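Only one structure is covered here, and it is reproduced in the block below.
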Amino acid sequence: MNSLFLTLFSLIQAYQYYSYQEIVDTFKKLEIDHTDVFRLYYPTKDLDNLRYLDCGDEECQFFYAEFAQNPNAADLPTVLIAAGFHGDEVIGQNVVTELAKYLTSESKLEFLNNRRILLYPMVNPYGYYHKVREEMGKDANRDFNVDNPSSICFQTNAARGLAQVYNKYIIQLGITFHGGDNSISYSWGTCNHKQNGMATESPDDSAMEMIARIMKDIAAENNNLQIQQYSIGRMTDLVYEVNGGYEDWAYAAGWDRTNTCGNRNSEEYLKPSSNARALTYLIEAGFLKQPKSNTLGTIETTNQMLQNWPPLHFYDQKLLTKYQQGYGNINRNLMASLSLIDLAKPYLIAKWDGEKEMILNFGGCYSVTKLTIIRSDKKSIIQDQNTTGIWDQFNKGYVLPNITKNDLFEISYQCDVKQFKTQRNPDPKLQPQSYFVQSRINDTYEYRFDQYLVQNTNKILYRINVSELNHTKINSLFETQQVSIYVTTQSEDHQDQQISPNQNNNKKEHIWWLLAIFIVLSFVLTILLYKYCSKKQEEEVMEMYTIQNEAKL
Ligand SMILES: [Zn+2]
């Protein structure tokens, strides 16, 4: 009886595949239930000369969701998770649907509130409905205006719909899910960026690789479900090069060569193409295009793992093994997506044990540099050149001792992005071009597109009032949830006003200390000199006395 109950329970908790109609219904219901934060858009609505695509009795529906707590905020970092270019590669559509359910749930992680997350579950709904690769005989992922020898591009409703997302938002980071291989890959993947049969290095290659590594680690492997660890690398090398592929378009159409598209109305695609500079990943989500249902994983495992964010345990085999039974094809890709979304903007997690220790964790960063912590009494100043962020496997958090509930702190730092600048041999020979990398490495970066804005995200200042933290006693970093996140990143001007006086005070304090040390040293020197002189005089007197005595002899 007990085992029957357990089997039933795990069936309820197990992820299942959704049909085309279930995905449509799920998104529409989520919009009704969460209108303030979850809105649907229909990107092909205003396009002319669309193909008629049947999904059963109805025309196929092209839609995506925007999740944002404050959708009117101009500078929310924007991440696009898209799936289903190829209708018979079916993991991604289900991952994106589960992501939509998670984002609108009560238990979602706090950092997600400071992101704009665009979820495009079925780029090619016709393909998903009919379980075929192409959109009525045309491959949507060969239909973009990069390295495209075809006389006409943007022929599919799928490519035209997805391009319209770039007509509205500034996308900084993105994923597209495919299937049939087991890899996370990035630019270049077009035929015109190749040398000796291999992909050349894009100007953002270092950042692409670093983030791919983080996603690979969190996606992990699971021998119980025959899931292997993802390989990472450039698309041409891991998958194959294509003409007119979306991922290179999303990354480079805004600055690299593009084609004209024959008879297609250029007004439709010129503006979105000019706005495409997103770091974009192609995830081939497993060797099978449709993995068995019993390898999808369980919702319970996702919930357990998310309670332990930041996900330090991905580097700890023992802890990972604990979760492995239920860590399936949906879980791993959901977590990889969340890790990319996490990296879109730096944030801080502060935990206080209620007695004296406070632990800081630096989210959205791999490692941290120029960390300065100033206590409100200005007597305690900590400066640390290098510490770790939540994605570093050695991250244990930064411990501040002797904390009382009356303490106030100013904490400033930068995510360490030195490696983002170190391309060995970029093709073409340019600085990093993506919005994401520029917003981290360029202090004065600012880009506007209609009402939206990207600017530097790497000058970070937080103010923490310890008395406002939840005083829950924390036993261990792994087993407890974060108690508070402060995301009040201030503008540079504000930082100058707030930080500079403290630094001036420090300088004044240093001068007083130096003066005091100088006075004490002078005093000691005077005494020593006096003693030395009187001893010398004494010796001279003694010498004279001896000489006189000797003369007497
Ligand atoms: Zn595919």
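Note on naming: chains are A, B, ... as they come in the structure tokens, residues start from 1 per chain, ligands start from 1 in the order shown.
Residues of protein or nucleic acid lying within 7 Å of ligand 1, counting only C-alpha atoms and all ligand atoms, are Phe85, His86, Glu89, His178 and Gly179 of chain A.
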Could you dump the residues just selected with all heavy atoms as a PDB file, in the first residue's frame?
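Below is the file result_20.pdb, written as the result:
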ATOM      1  N   PHE A  85      12.445  25.466 -32.641  1.00  0.00           N
ATOM      2  CA  PHE A  85      12.668  25.739 -34.065  1.00  0.00           C
ATOM      3  C   PHE A  85      12.291  24.501 -34.860  1.00  0.00           C
ATOM      4  O   PHE A  85      11.690  24.581 -35.916  1.00  0.00           O
ATOM      5  CB  PHE A  85      14.155  26.032 -34.315  1.00  0.00           C
ATOM      6  CG  PHE A  85      14.497  27.479 -34.285  1.00  0.00           C
ATOM      7  CD1 PHE A  85      14.950  28.084 -33.127  1.00  0.00           C
ATOM      8  CD2 PHE A  85      14.363  28.241 -35.431  1.00  0.00           C
ATOM      9  CE1 PHE A  85      15.270  29.420 -33.114  1.00  0.00           C
ATOM     10  CE2 PHE A  85      14.678  29.581 -35.427  1.00  0.00           C
ATOM     11  CZ  PHE A  85      15.134  30.176 -34.257  1.00  0.00           C
ATOM     12  N   HIS A  86      12.719  23.367 -34.314  1.00  0.00           N
ATOM     13  CA  HIS A  86      12.477  22.087 -34.976  1.00  0.00           C
ATOM     14  C   HIS A  86      11.440  21.328 -34.157  1.00  0.00           C
ATOM     15  O   HIS A  86      11.693  20.981 -32.998  1.00  0.00           O
ATOM     16  CB  HIS A  86      13.789  21.309 -35.111  1.00  0.00           C
ATOM     17  CG  HIS A  86      14.787  22.046 -35.963  1.00  0.00           C
ATOM     18  ND1 HIS A  86      16.122  22.129 -35.673  1.00  0.00           N
ATOM     19  CD2 HIS A  86      14.597  22.768 -37.112  1.00  0.00           C
ATOM     20  CE1 HIS A  86      16.732  22.858 -36.611  1.00  0.00           C
ATOM     21  NE2 HIS A  86      15.822  23.254 -37.491  1.00  0.00           N
ATOM     22  N   GLU A  89      12.005  18.124 -32.020  1.00  0.00           N
ATOM     23  CA  GLU A  89      12.991  18.146 -30.927  1.00  0.00           C
ATOM     24  C   GLU A  89      12.257  18.769 -29.743  1.00  0.00           C
ATOM     25  O   GLU A  89      12.081  19.979 -29.686  1.00  0.00           O
ATOM     26  CB  GLU A  89      14.211  18.974 -31.352  1.00  0.00           C
ATOM     27  CG  GLU A  89      14.878  18.389 -32.601  1.00  0.00           C
ATOM     28  CD  GLU A  89      15.827  19.356 -33.318  1.00  0.00           C
ATOM     29  OE1 GLU A  89      16.094  20.454 -32.790  1.00  0.00           O
ATOM     30  OE2 GLU A  89      16.290  19.002 -34.413  1.00  0.00           O
ATOM     31  N   HIS A 178      17.357  22.851 -28.851  1.00  0.00           N
ATOM     32  CA  HIS A 178      17.195  21.891 -29.940  1.00  0.00           C
ATOM     33  C   HIS A 178      17.321  20.492 -29.341  1.00  0.00           C
ATOM     34  O   HIS A 178      17.281  20.334 -28.117  1.00  0.00           O
ATOM     35  CB  HIS A 178      18.273  22.126 -31.009  1.00  0.00           C
ATOM     36  CG  HIS A 178      18.017  23.347 -31.847  1.00  0.00           C
ATOM     37  ND1 HIS A 178      17.539  23.286 -33.129  1.00  0.00           N
ATOM     38  CD2 HIS A 178      18.160  24.670 -31.561  1.00  0.00           C
ATOM     39  CE1 HIS A 178      17.402  24.511 -33.609  1.00  0.00           C
ATOM     40  NE2 HIS A 178      17.773  25.374 -32.677  1.00  0.00           N
ATOM     41  N   GLY A 179      17.506  19.488 -30.180  1.00  0.00           N
ATOM     42  CA  GLY A 179      17.683  18.127 -29.680  1.00  0.00           C
ATOM     43  C   GLY A 179      18.335  17.268 -30.742  1.00  0.00           C
ATOM     44  O   GLY A 179      18.335  17.617 -31.930  1.00  0.00           O
TER      45      GLY A 179
END
Residues near A:Asn402, cut-off 12 Å, only C-alpha atoms, skip fewer than 5 positions along chain, as an NGL selection string: :A and (352-359 or 375 or 380 or 407 or 466)
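Going from atom CA of A:Met198 to atom CA of A:Tyr230 covers 19.6 Å.
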How would you write, as a ChimeraX atom specification, the set of residues in stretch 295-433 of chain A that DSSP gives as strand (DSSP E)? /A:347-352,358-363,367-375,381-388,398-400,408-415
Taking only C-alpha atoms into account, which of A:Thr104, A:Asn406, A:Gln21, A:Gln164 comes nearest A:Gln69? A:Thr104
Selection near A:Asn263, 10 Å with only C-alpha atoms, sequence-local residues under 5 positions removed, as a CSV table (one decimal) with C-alpha atoms, in the first residue's frame:
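Wrote it out as part.csv, contents follow:
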chain,number,residue,atom,x,y,z
A,151,SER,CA,17.6,34.7,-52.6
A,152,ILE,CA,14.9,35.3,-50.0
A,153,CYS,CA,15.2,35.1,-46.2
A,154,PHE,CA,12.5,35.3,-43.5
A,155,GLN,CA,10.3,33.0,-45.5
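In this comparison, which uses only C-alpha atoms, the residue of A:Leu225, A:Ala344, A:Ala250, A:Leu528 approaching A:Asn114 most closely is A:Ala344.
Atom CA of A:Glu209 to atom CA of A:Val79 spans 17.6 Å [interatomic distance, one decimal].
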Spatial neighbours of A:His34, max dist 12 Å, only C-alpha atoms, sep filter under 6 positions, as a PDB file with N, CA and C atoms, in the first residue's frame:
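Everything below was put into selection-v1.pdb:
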ATOM      1  N   THR A  26      -1.764  26.504 -21.144  1.00  0.00           N
ATOM      2  CA  THR A  26      -1.002  26.819 -19.928  1.00  0.00           C
ATOM      3  C   THR A  26      -0.580  28.285 -19.931  1.00  0.00           C
ATOM      4  N   PHE A  27      -0.035  28.755 -21.047  1.00  0.00           N
ATOM      5  CA  PHE A  27       0.414  30.148 -21.113  1.00  0.00           C
ATOM      6  C   PHE A  27      -0.767  31.110 -20.967  1.00  0.00           C
ATOM      7  N   LYS A  28      -1.893  30.772 -21.592  1.00  0.00           N
ATOM      8  CA  LYS A  28      -3.045  31.684 -21.506  1.00  0.00           C
ATOM      9  C   LYS A  28      -3.595  31.741 -20.084  1.00  0.00           C
ATOM     10  N   LEU A  40       1.230  37.988 -22.456  1.00  0.00           N
ATOM     11  CA  LEU A  40       1.480  37.307 -23.731  1.00  0.00           C
ATOM     12  C   LEU A  40       1.497  38.304 -24.884  1.00  0.00           C
ATOM     13  N   ALA A  65       5.804  35.001 -23.935  1.00  0.00           N
ATOM     14  CA  ALA A  65       5.406  35.675 -22.697  1.00  0.00           C
ATOM     15  C   ALA A  65       6.524  36.584 -22.225  1.00  0.00           C
ATOM     16  N   GLU A  66       6.131  37.706 -21.648  1.00  0.00           N
ATOM     17  CA  GLU A  66       7.093  38.580 -20.967  1.00  0.00           C
ATOM     18  C   GLU A  66       6.828  38.472 -19.474  1.00  0.00           C
ATOM     19  N   PHE A  67       7.842  38.039 -18.731  1.00  0.00           N
ATOM     20  CA  PHE A  67       7.735  38.024 -17.278  1.00  0.00           C
ATOM     21  C   PHE A  67       8.569  39.170 -16.734  1.00  0.00           C
ATOM     22  N   ALA A  68       7.954  40.070 -15.979  1.00  0.00           N
ATOM     23  CA  ALA A  68       8.698  41.161 -15.334  1.00  0.00           C
ATOM     24  C   ALA A  68       7.833  41.739 -14.228  1.00  0.00           C
ATOM     25  N   GLN A  69       8.443  41.982 -13.063  1.00  0.00           N
ATOM     26  CA  GLN A  69       7.697  42.588 -11.958  1.00  0.00           C
ATOM     27  C   GLN A  69       7.324  44.022 -12.297  1.00  0.00           C
ATOM     28  N   ALA A 100       7.851  28.917 -17.233  1.00  0.00           N
ATOM     29  CA  ALA A 100       6.746  29.876 -17.080  1.00  0.00           C
ATOM     30  C   ALA A 100       5.975  29.590 -15.792  1.00  0.00           C
ATOM     31  N   LYS A 101       5.734  28.317 -15.518  1.00  0.00           N
ATOM     32  CA  LYS A 101       5.001  27.962 -14.297  1.00  0.00           C
ATOM     33  C   LYS A 101       5.822  28.311 -13.057  1.00  0.00           C
ATOM     34  N   LEU A 103       8.213  30.660 -12.779  1.00  0.00           N
ATOM     35  CA  LEU A 103       8.367  32.111 -12.592  1.00  0.00           C
ATOM     36  C   LEU A 103       7.118  32.743 -11.982  1.00  0.00           C
ATOM     37  N   THR A 104       5.974  32.149 -12.245  1.00  0.00           N
ATOM     38  CA  THR A 104       4.737  32.724 -11.708  1.00  0.00           C
ATOM     39  C   THR A 104       4.340  32.067 -10.388  1.00  0.00           C
ATOM     40  N   SER A 105       5.210  31.197  -9.857  1.00  0.00           N
ATOM     41  CA  SER A 105       4.874  30.538  -8.590  1.00  0.00           C
ATOM     42  C   SER A 105       5.309  31.400  -7.409  1.00  0.00           C
ATOM     43  N   GLU A 106       4.707  31.133  -6.273  1.00  0.00           N
ATOM     44  CA  GLU A 106       5.010  31.883  -5.047  1.00  0.00           C
ATOM     45  C   GLU A 106       6.460  31.700  -4.619  1.00  0.00           C
TER      46      GLU A 106
END
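The gap separating atom CA of A:Gln433 from atom CA of A:Ala285 is 27.2 Å, in Å to one decimal.
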Counting only C-alpha atoms, what is within 8 Å of stretch 242-245 of chain A, bar same-chain residues fewer than 4 positions away, as a compact mmCIF listing (two decimals) with all heavy atoms, in the first residue's frame?
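Here's the written file around.txt:
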# COMPACT_ATOMS: atom_id res chain seq x y z
N ASN A 141 15.45 27.58 -38.98
CA ASN A 141 16.79 27.94 -38.49
C ASN A 141 17.81 28.05 -39.62
O ASN A 141 19.01 27.96 -39.40
CB ASN A 141 17.26 26.93 -37.43
CG ASN A 141 18.26 27.56 -36.47
OD1 ASN A 141 18.27 28.78 -36.30
ND2 ASN A 141 19.10 26.75 -35.86
N ARG A 142 17.33 28.24 -40.85
CA ARG A 142 18.21 28.58 -41.99
C ARG A 142 17.63 29.80 -42.69
O ARG A 142 17.89 30.04 -43.85
CB ARG A 142 18.25 27.42 -43.02
CG ARG A 142 18.55 26.06 -42.45
CD ARG A 142 20.02 25.91 -42.04
NE ARG A 142 20.26 24.55 -41.57
CZ ARG A 142 20.11 24.17 -40.30
NH1 ARG A 142 19.72 25.03 -39.38
NH2 ARG A 142 20.36 22.92 -39.94
N ASP A 143 16.81 30.56 -41.96
CA ASP A 143 15.95 31.54 -42.61
C ASP A 143 16.29 32.98 -42.22
O ASP A 143 15.54 33.90 -42.49
CB ASP A 143 14.49 31.22 -42.22
CG ASP A 143 13.48 31.81 -43.18
OD1 ASP A 143 13.87 32.16 -44.31
OD2 ASP A 143 12.31 31.95 -42.79
N PHE A 144 17.44 33.17 -41.56
CA PHE A 144 17.80 34.52 -41.11
C PHE A 144 18.79 35.16 -42.08
O PHE A 144 19.40 34.46 -42.90
CB PHE A 144 18.36 34.46 -39.68
CG PHE A 144 17.28 34.18 -38.67
CD1 PHE A 144 16.81 32.88 -38.47
CD2 PHE A 144 16.71 35.21 -37.95
CE1 PHE A 144 15.79 32.63 -37.57
CE2 PHE A 144 15.69 34.96 -37.03
CZ PHE A 144 15.23 33.66 -36.85
N ASN A 145 18.93 36.46 -41.98
CA ASN A 145 19.72 37.18 -42.99
C ASN A 145 21.19 37.30 -42.62
O ASN A 145 21.78 38.36 -42.69
CB ASN A 145 19.10 38.55 -43.26
CG ASN A 145 18.98 39.42 -42.02
OD1 ASN A 145 18.80 38.91 -40.93
ND2 ASN A 145 19.09 40.73 -42.18
N VAL A 146 21.79 36.19 -42.15
CA VAL A 146 23.25 36.16 -41.98
C VAL A 146 23.80 35.01 -42.82
O VAL A 146 23.28 33.89 -42.76
CB VAL A 146 23.69 35.97 -40.50
CG1 VAL A 146 23.43 37.23 -39.71
CG2 VAL A 146 23.02 34.77 -39.86
N ASP A 147 24.81 35.31 -43.60
CA ASP A 147 25.49 34.30 -44.41
C ASP A 147 24.46 33.41 -45.13
O ASP A 147 24.58 32.18 -45.13
CB ASP A 147 26.41 33.46 -43.51
CG ASP A 147 27.35 32.59 -44.32
OD1 ASP A 147 27.63 32.94 -45.48
OD2 ASP A 147 27.79 31.54 -43.80
N ASN A 148 23.47 34.05 -45.70
CA ASN A 148 22.36 33.29 -46.29
C ASN A 148 22.36 33.45 -47.81
O ASN A 148 22.02 34.51 -48.32
CB ASN A 148 21.03 33.80 -45.70
CG ASN A 148 19.89 32.86 -45.99
OD1 ASN A 148 19.95 32.09 -46.95
ND2 ASN A 148 18.86 32.91 -45.17
N PRO A 149 22.76 32.41 -48.54
CA PRO A 149 22.85 32.53 -49.99
C PRO A 149 21.49 32.45 -50.68
O PRO A 149 21.38 32.72 -51.88
CB PRO A 149 23.71 31.33 -50.39
CG PRO A 149 23.49 30.32 -49.32
CD PRO A 149 23.13 31.07 -48.07
N CYS A 153 15.21 35.57 -47.58
CA CYS A 153 15.23 35.05 -46.21
C CYS A 153 13.92 35.47 -45.52
O CYS A 153 13.07 36.10 -46.13
CB CYS A 153 16.46 35.50 -45.43
SG CYS A 153 17.23 37.00 -45.99
N GLY A 189 28.85 29.90 -35.86
CA GLY A 189 28.22 28.71 -36.42
C GLY A 189 27.82 28.91 -37.87
O GLY A 189 27.08 28.11 -38.42
N THR A 190 28.29 30.03 -38.45
CA THR A 190 27.99 30.26 -39.87
C THR A 190 29.20 29.86 -40.71
O THR A 190 30.32 29.75 -40.21
CB THR A 190 27.68 31.75 -40.15
OG1 THR A 190 28.56 32.55 -39.36
CG2 THR A 190 26.25 32.08 -39.82
N CYS A 191 28.95 29.69 -42.01
CA CYS A 191 30.02 29.22 -42.90
C CYS A 191 31.07 30.30 -43.16
O CYS A 191 32.19 29.99 -43.55
CB CYS A 191 29.40 28.77 -44.23
SG CYS A 191 28.08 27.57 -43.99
N THR A 236 30.06 25.54 -34.95
CA THR A 236 30.64 24.85 -36.12
C THR A 236 31.40 23.61 -35.69
O THR A 236 31.35 22.58 -36.37
CB THR A 236 31.57 25.83 -36.88
OG1 THR A 236 30.77 26.89 -37.38
CG2 THR A 236 32.32 25.15 -38.01
N TRP A 249 22.76 35.07 -35.96
CA TRP A 249 21.99 36.28 -36.25
C TRP A 249 21.73 37.05 -34.96
O TRP A 249 21.97 38.26 -34.88
CB TRP A 249 20.65 35.91 -36.91
CG TRP A 249 19.78 37.10 -37.21
CD1 TRP A 249 19.82 37.87 -38.34
CD2 TRP A 249 18.76 37.65 -36.37
NE1 TRP A 249 18.88 38.88 -38.25
CE2 TRP A 249 18.22 38.77 -37.05
CE3 TRP A 249 18.25 37.32 -35.11
CZ2 TRP A 249 17.19 39.55 -36.51
CZ3 TRP A 249 17.24 38.10 -34.58
CH2 TRP A 249 16.71 39.20 -35.28
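Of the listed residues (A:Lys531, A:Arg332, A:Lys370, A:Arg264), A:Arg264 comes nearest to A:Leu47; the distances count only C-alpha atoms.
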DSSP on the backbone, alpha helix (DSSP H) only: what residues of stretch 246-439 of chain A does that give? Format it as a count of residues only. 51
